[in-house]
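Chemist: Pasting upload20.pdb here (PDB, C-alpha atoms and all ligand atoms):
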ATOM      1  CA  MET A 945     -63.177  26.009 -74.088
ATOM      2  CA  HIS A 946     -66.011  28.258 -72.983
ATOM      3  CA  LYS A 947     -67.436  29.791 -76.129
ATOM      4  CA  ASN A 948     -69.269  33.031 -76.154
ATOM      5  CA  PRO A 949     -72.321  32.621 -78.434
ATOM      6  CA  ARG A 950     -72.793  36.352 -78.760
ATOM      7  CA  LEU A 951     -69.371  36.774 -80.302
ATOM      8  CA  SER A 952     -70.462  34.849 -83.410
ATOM      9  CA  SER A 953     -73.462  37.106 -83.931
ATOM     10  CA  ILE A 954     -71.331  40.218 -83.461
ATOM     11  CA  ILE A 955     -68.888  38.963 -86.074
ATOM     12  CA  ASN A 956     -71.718  38.113 -88.477
ATOM     13  CA  HIS A 957     -73.029  41.618 -88.009
ATOM     14  CA  LEU A 958     -69.594  43.143 -88.651
ATOM     15  CA  LEU A 959     -69.098  41.088 -91.790
ATOM     16  CA  LYS A 960     -72.290  42.548 -93.271
ATOM     17  CA  GLN A 961     -70.965  46.098 -92.969
ATOM     18  CA  PRO A 962     -69.944  47.669 -96.286
ATOM     19  CA  ALA A 963     -66.632  48.925 -94.889
ATOM     20  CA  HIS A 964     -64.503  47.351 -92.228
ATOM     21  CA  LYS A 965     -63.027  49.416 -89.441
ATOM     22  CA  ALA A 966     -59.420  49.153 -88.374
ATOM     23  CA  SER A 967     -60.593  48.382 -84.873
ATOM     24  CA  ILE A 968     -63.768  47.609 -82.994
ATOM     25  CA  GLN A 969     -64.609  47.740 -79.323
ATOM     26  CA  ILE A 970     -66.694  45.327 -77.313
ATOM     27  CA  ALA A 971     -68.042  46.288 -73.906
ATOM     28  CA  VAL A 972     -68.114  43.429 -71.413
ATOM     29  CA  GLY A 973     -69.757  43.592 -68.018
ATOM     30  CA  GLU A 974     -67.610  42.772 -65.037
ATOM     31  CA  LEU A 975     -70.157  40.189 -63.832
ATOM     32  CA  THR A 976     -70.197  38.117 -67.019
ATOM     33  CA  GLU A 977     -68.233  34.902 -67.265
ATOM     34  CA  PHE A 978     -65.389  36.335 -69.229
ATOM     35  CA  ASN A 979     -61.855  35.246 -69.880
ATOM     36  CA  GLU A 980     -60.092  37.727 -72.116
ATOM     37  CA  GLU A 981     -57.447  35.318 -73.330
ATOM     38  CA  GLN A 982     -60.029  32.697 -74.352
ATOM     39  CA  PHE A 983     -62.190  35.369 -75.879
ATOM     40  CA  ARG A 984     -59.341  36.674 -78.028
ATOM     41  CA  GLN A 985     -58.517  33.133 -79.136
ATOM     42  CA  GLN A 986     -62.129  32.604 -80.106
ATOM     43  CA  TRP A 987     -62.174  35.920 -81.973
ATOM     44  CA  ASN A 988     -58.984  35.050 -83.847
ATOM     45  CA  GLY A 989     -60.419  31.675 -84.817
ATOM     46  CA  LEU A 990     -63.659  33.156 -86.100
ATOM     47  CA  VAL A 991     -62.184  36.050 -88.083
ATOM     48  CA  ALA A 992     -59.374  34.098 -89.725
ATOM     49  CA  GLN A 993     -59.915  34.057 -93.521
ATOM     50  CA  THR A 994     -62.422  36.909 -93.272
ATOM     51  CA  PRO A 995     -62.056  40.660 -93.958
ATOM     52  CA  LEU A 996     -61.921  41.107 -90.180
ATOM     53  CA  ALA A 997     -58.657  39.244 -89.807
ATOM     54  CA  GLN A 998     -56.712  42.518 -89.515
ATOM     55  CA  THR A 999     -59.262  44.283 -87.322
ATOM     56  CA  LYS A1000     -57.998  45.173 -83.892
ATOM     57  CA  LEU A1001     -60.216  43.949 -81.076
ATOM     58  CA  ASN A1002     -60.546  46.260 -78.094
ATOM     59  CA  ILE A1003     -62.293  45.176 -74.940
ATOM     60  CA  ARG A1004     -63.734  47.539 -72.360
ATOM     61  CA  ILE A1005     -64.718  46.093 -69.014
ATOM     62  CA  VAL A1006     -67.881  47.711 -67.647
ATOM     63  CA  ARG A1007     -67.757  48.229 -63.904
ATOM     64  CA  ALA A1008     -70.520  46.437 -62.047
ATOM     65  CA  GLU A1009     -73.052  48.305 -59.973
ATOM     66  CA  GLN A1010     -75.773  46.913 -57.768
ATOM     67  CA  GLN A1011     -78.535  48.472 -55.764
ATOM     68  CA  CYS A1012     -79.740  47.101 -52.458
ATOM     69  CA  MET A1013     -83.497  46.510 -52.482
ATOM     70  CA  VAL A1014     -83.742  47.123 -48.737
ATOM     71  CA  CYS A1015     -81.786  50.317 -48.104
ATOM     72  CA  PHE A1016     -81.358  51.319 -51.786
ATOM     73  CA  LEU A1017     -77.636  51.837 -51.459
ATOM     74  CA  LYS A1018     -75.860  51.632 -54.800
ATOM     75  CA  TYR A1019     -72.544  49.854 -54.559
ATOM     76  CA  HIS A1020     -69.832  48.110 -56.479
ATOM     77  CA  PRO A1021     -69.923  44.384 -55.658
ATOM     78  CA  GLN A1022     -66.587  43.054 -54.457
ATOM     79  CA  GLN A1023     -65.573  39.634 -55.841
ATOM     80  CA  LYS A1024     -69.091  39.276 -57.262
ATOM     81  CA  GLU A1025     -70.333  39.441 -53.686
ATOM     82  CA  THR A1026     -73.987  40.395 -53.580
ATOM     83  CA  ALA A1027     -74.522  41.228 -49.911
ATOM     84  CA  CYS A1028     -75.114  44.912 -49.260
ATOM     85  CA  PRO A1029     -72.114  46.535 -47.523
ATOM     86  CA  GLN A1030     -74.438  48.803 -45.565
ATOM     87  CA  CYS A1031     -77.252  46.570 -44.295
ATOM     88  CA  GLY A1032     -75.976  43.097 -45.258
ATOM     89  CA  SER A1033     -79.104  42.018 -47.107
ATOM     90  CA  VAL A1034     -78.836  39.926 -50.254
ATOM     91  CA  GLY A1035     -80.891  40.044 -53.418
ATOM     92  CA  ALA A1036     -79.586  43.283 -54.807
ATOM     93  CA  LYS A1037     -80.681  44.434 -58.214
ATOM     94  CA  ILE A1038     -77.922  44.507 -60.823
ATOM     95  CA  LEU A1039     -77.748  47.912 -62.457
ATOM     96  CA  ALA A1040     -74.638  47.306 -64.529
ATOM     97  CA  GLY A1041     -72.080  44.593 -65.101
ATOM     98  CA  GLU A1042     -73.903  42.085 -67.312
ATOM     99  CA  GLU A1043     -73.302  43.885 -70.589
ATOM    100  CA  PHE A1044     -71.942  42.319 -73.697
ATOM    101  CA  TYR A1045     -72.253  44.405 -76.811
ATOM    102  CA  LEU A1046     -70.485  45.962 -79.726
ATOM    103  CA  GLU A1047     -69.662  49.466 -78.632
ATOM    104  CA  SER A1048     -68.381  51.263 -81.685
ATOM    105  CA  ILE A1049     -68.631  50.611 -85.369
TER     106      ILE A1049
HETATM  107 ZN    ZN B   1     -78.672  47.557 -48.014
END
Here is a file; write its structure as structure tokens.
Modeler:
Amino acid sequence: MHKNPRLSSIINHLLKQPAHKASIQIAVGELTEFNEEQFRQQWNGLVAQTPLAQTKLNIRIVRAEQQCMVCFLKYHPQQKETACPQCGSVGAKILAGEEFYLESI
């Protein structure tokens, strides 16, 4: 199973909080290797027997955005495709879509 190393550090951080929220939200970039079902299984495994066991896990997918370095068009990559839809050049800069962070606490 593909484990997300950042999930463990997020959980460690949450466990240090003085009060535990009923729910938390994690923002995940569209371009990250992410499988929600596996991620939830991993979460459930890590929070079992902790004060977070009852915490609801919300996941927000962050829409990817890239910018072409040739014509500077900003676009949403389709199927993780990186070629620019306007001029066809590759090597776009990723503006969004690689996030993975705790969004609300
Ligand atoms: Zn372009």
Chemist: With distances taken over all atoms listed in the file, which of A:Ala1008, A:Gln969, A:Lys1000, A:Trp987 is nearest to Glu1025 (chain A)?
Modeler: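 So, comparing all the options, the nearest one is A:Ala1008.
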Chemist: Box in all listed atoms of region 1002-1016 of chain A, axis-aligned, with 4 Å more on each side; write out centre and edge lengths in Å to one decimal as JSON.
Modeler:
{"center_x": -72.1, "center_y": 48.2, "center_z": -63.1, "size_x": 31.2, "size_y": 14.1, "size_z": 38.0}
Chemist: Find the residue from A:Leu959, A:Leu1046, A:Val1034, A:Leu975 that sits nearest to Asn1002 (chain A); use only C-alpha atoms when measuring.
Modeler: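 Among A:Leu959, A:Leu1046, A:Val1034, A:Leu975, it is A:Leu1046 that comes nearest to Asn1002 (chain A).
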Chemist: If you count only C-alpha atoms and all ligand atoms, which residues end up within 8 Å of ligand ZN 1 (chain B), as JSON, numbers by chain?
Modeler: {"A": [1011, 1012, 1013, 1014, 1015, 1016, 1017, 1027, 1028, 1029, 1030, 1031, 1032, 1033, 1034]}
Chemist: Could you tell me which residues the PyMOL selection byres (((chain A and resi 1020) around 7) and not hetatm) grabs in this file, written as an MDAnalysis selection string?
Modeler: chainID A and resid 1008:1010 1019 1021:1022
Chemist: Can you write out the residues you just picked, keeping C-alpha atoms, as a PDB file, in the coordinates of the input?
Modeler:
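Once everything was written out, this is selection.pdb:
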ATOM      1  CA  ALA A1008     -70.520  46.437 -62.047  1.00  0.00           C
ATOM      2  CA  GLU A1009     -73.052  48.305 -59.973  1.00  0.00           C
ATOM      3  CA  GLN A1010     -75.773  46.913 -57.768  1.00  0.00           C
ATOM      4  CA  TYR A1019     -72.544  49.854 -54.559  1.00  0.00           C
ATOM      5  CA  PRO A1021     -69.923  44.384 -55.658  1.00  0.00           C
ATOM      6  CA  GLN A1022     -66.587  43.054 -54.457  1.00  0.00           C
TER       7      GLN A1022
END
Chemist: Using CA of Gly973 (chain A) and CA of Phe1044 (chain A) as the two end points, give the distance in Å to one decimal.
Modeler: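 Distance reported for this atom pair: 6.2 Å.
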Chemist: So, with all atoms listed in the file as the atoms that count, which of A:Thr1026, A:Ser1048, A:Ile1003, A:Lys1018 lies closest to Phe978 (chain A)?
Modeler: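 Looking only at the distances to Phe978 (chain A), the closest residue turns out to be A:Ile1003.
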Chemist: Check the smallest atom-to-atom distance from each of A:Leu951, A:Asn988, A:Thr994, A:Ala1040 to Ile970 (chain A) using only C-alpha atoms, then report the winner.
Modeler: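 When distances to Ile970 (chain A) are compared using only C-alpha atoms, the smallest one comes from A:Leu951.
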Chemist: Out of A:Glu1042, A:Glu1047, A:Glu974, A:Glu981, which residue has the shortest atom-to-atom distance to Leu958 (chain A) when counting only C-alpha atoms?
Modeler: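 The closest residue to Leu958 (chain A) is A:Glu1047.
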Chemist: When distances are computed from only C-alpha atoms, which of A:Gln1023, A:Gly1041, A:Gly1035, A:Asn948 shows the smallest separation from Arg984 (chain A)?
Modeler: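 Among A:Gln1023, A:Gly1041, A:Gly1035, A:Asn948, it is A:Asn948 that comes nearest to Arg984 (chain A).
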Chemist: Can you measure CA of Gln986 (chain A) to CA of Ile1038 (chain A) for me? One decimal in Å is fine.
Modeler: 27.6 Å
Chemist: Set the distance at 12 Å and use all atoms listed in the file: which residues neighbour Gln961 (chain A) once local chain neighbours fewer than 6 positions away are removed? I'd like the list as a short mmCIF file (atom, residue, chain, number, x, y, z; two decimals) with C-alpha atoms, in the coordinates of the input.
Modeler:
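Output file selection_29.cif follows:
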data_model
loop_
_atom_site.label_atom_id
_atom_site.label_comp_id
_atom_site.auth_asym_id
_atom_site.auth_seq_id
_atom_site.Cartn_x
_atom_site.Cartn_y
_atom_site.Cartn_z
CA ILE A 954 -71.33 40.22 -83.46
CA ILE A 955 -68.89 38.96 -86.07
CA PRO A 995 -62.06 40.66 -93.96
CA LEU A 996 -61.92 41.11 -90.18
CA ILE A 1049 -68.63 50.61 -85.37
#
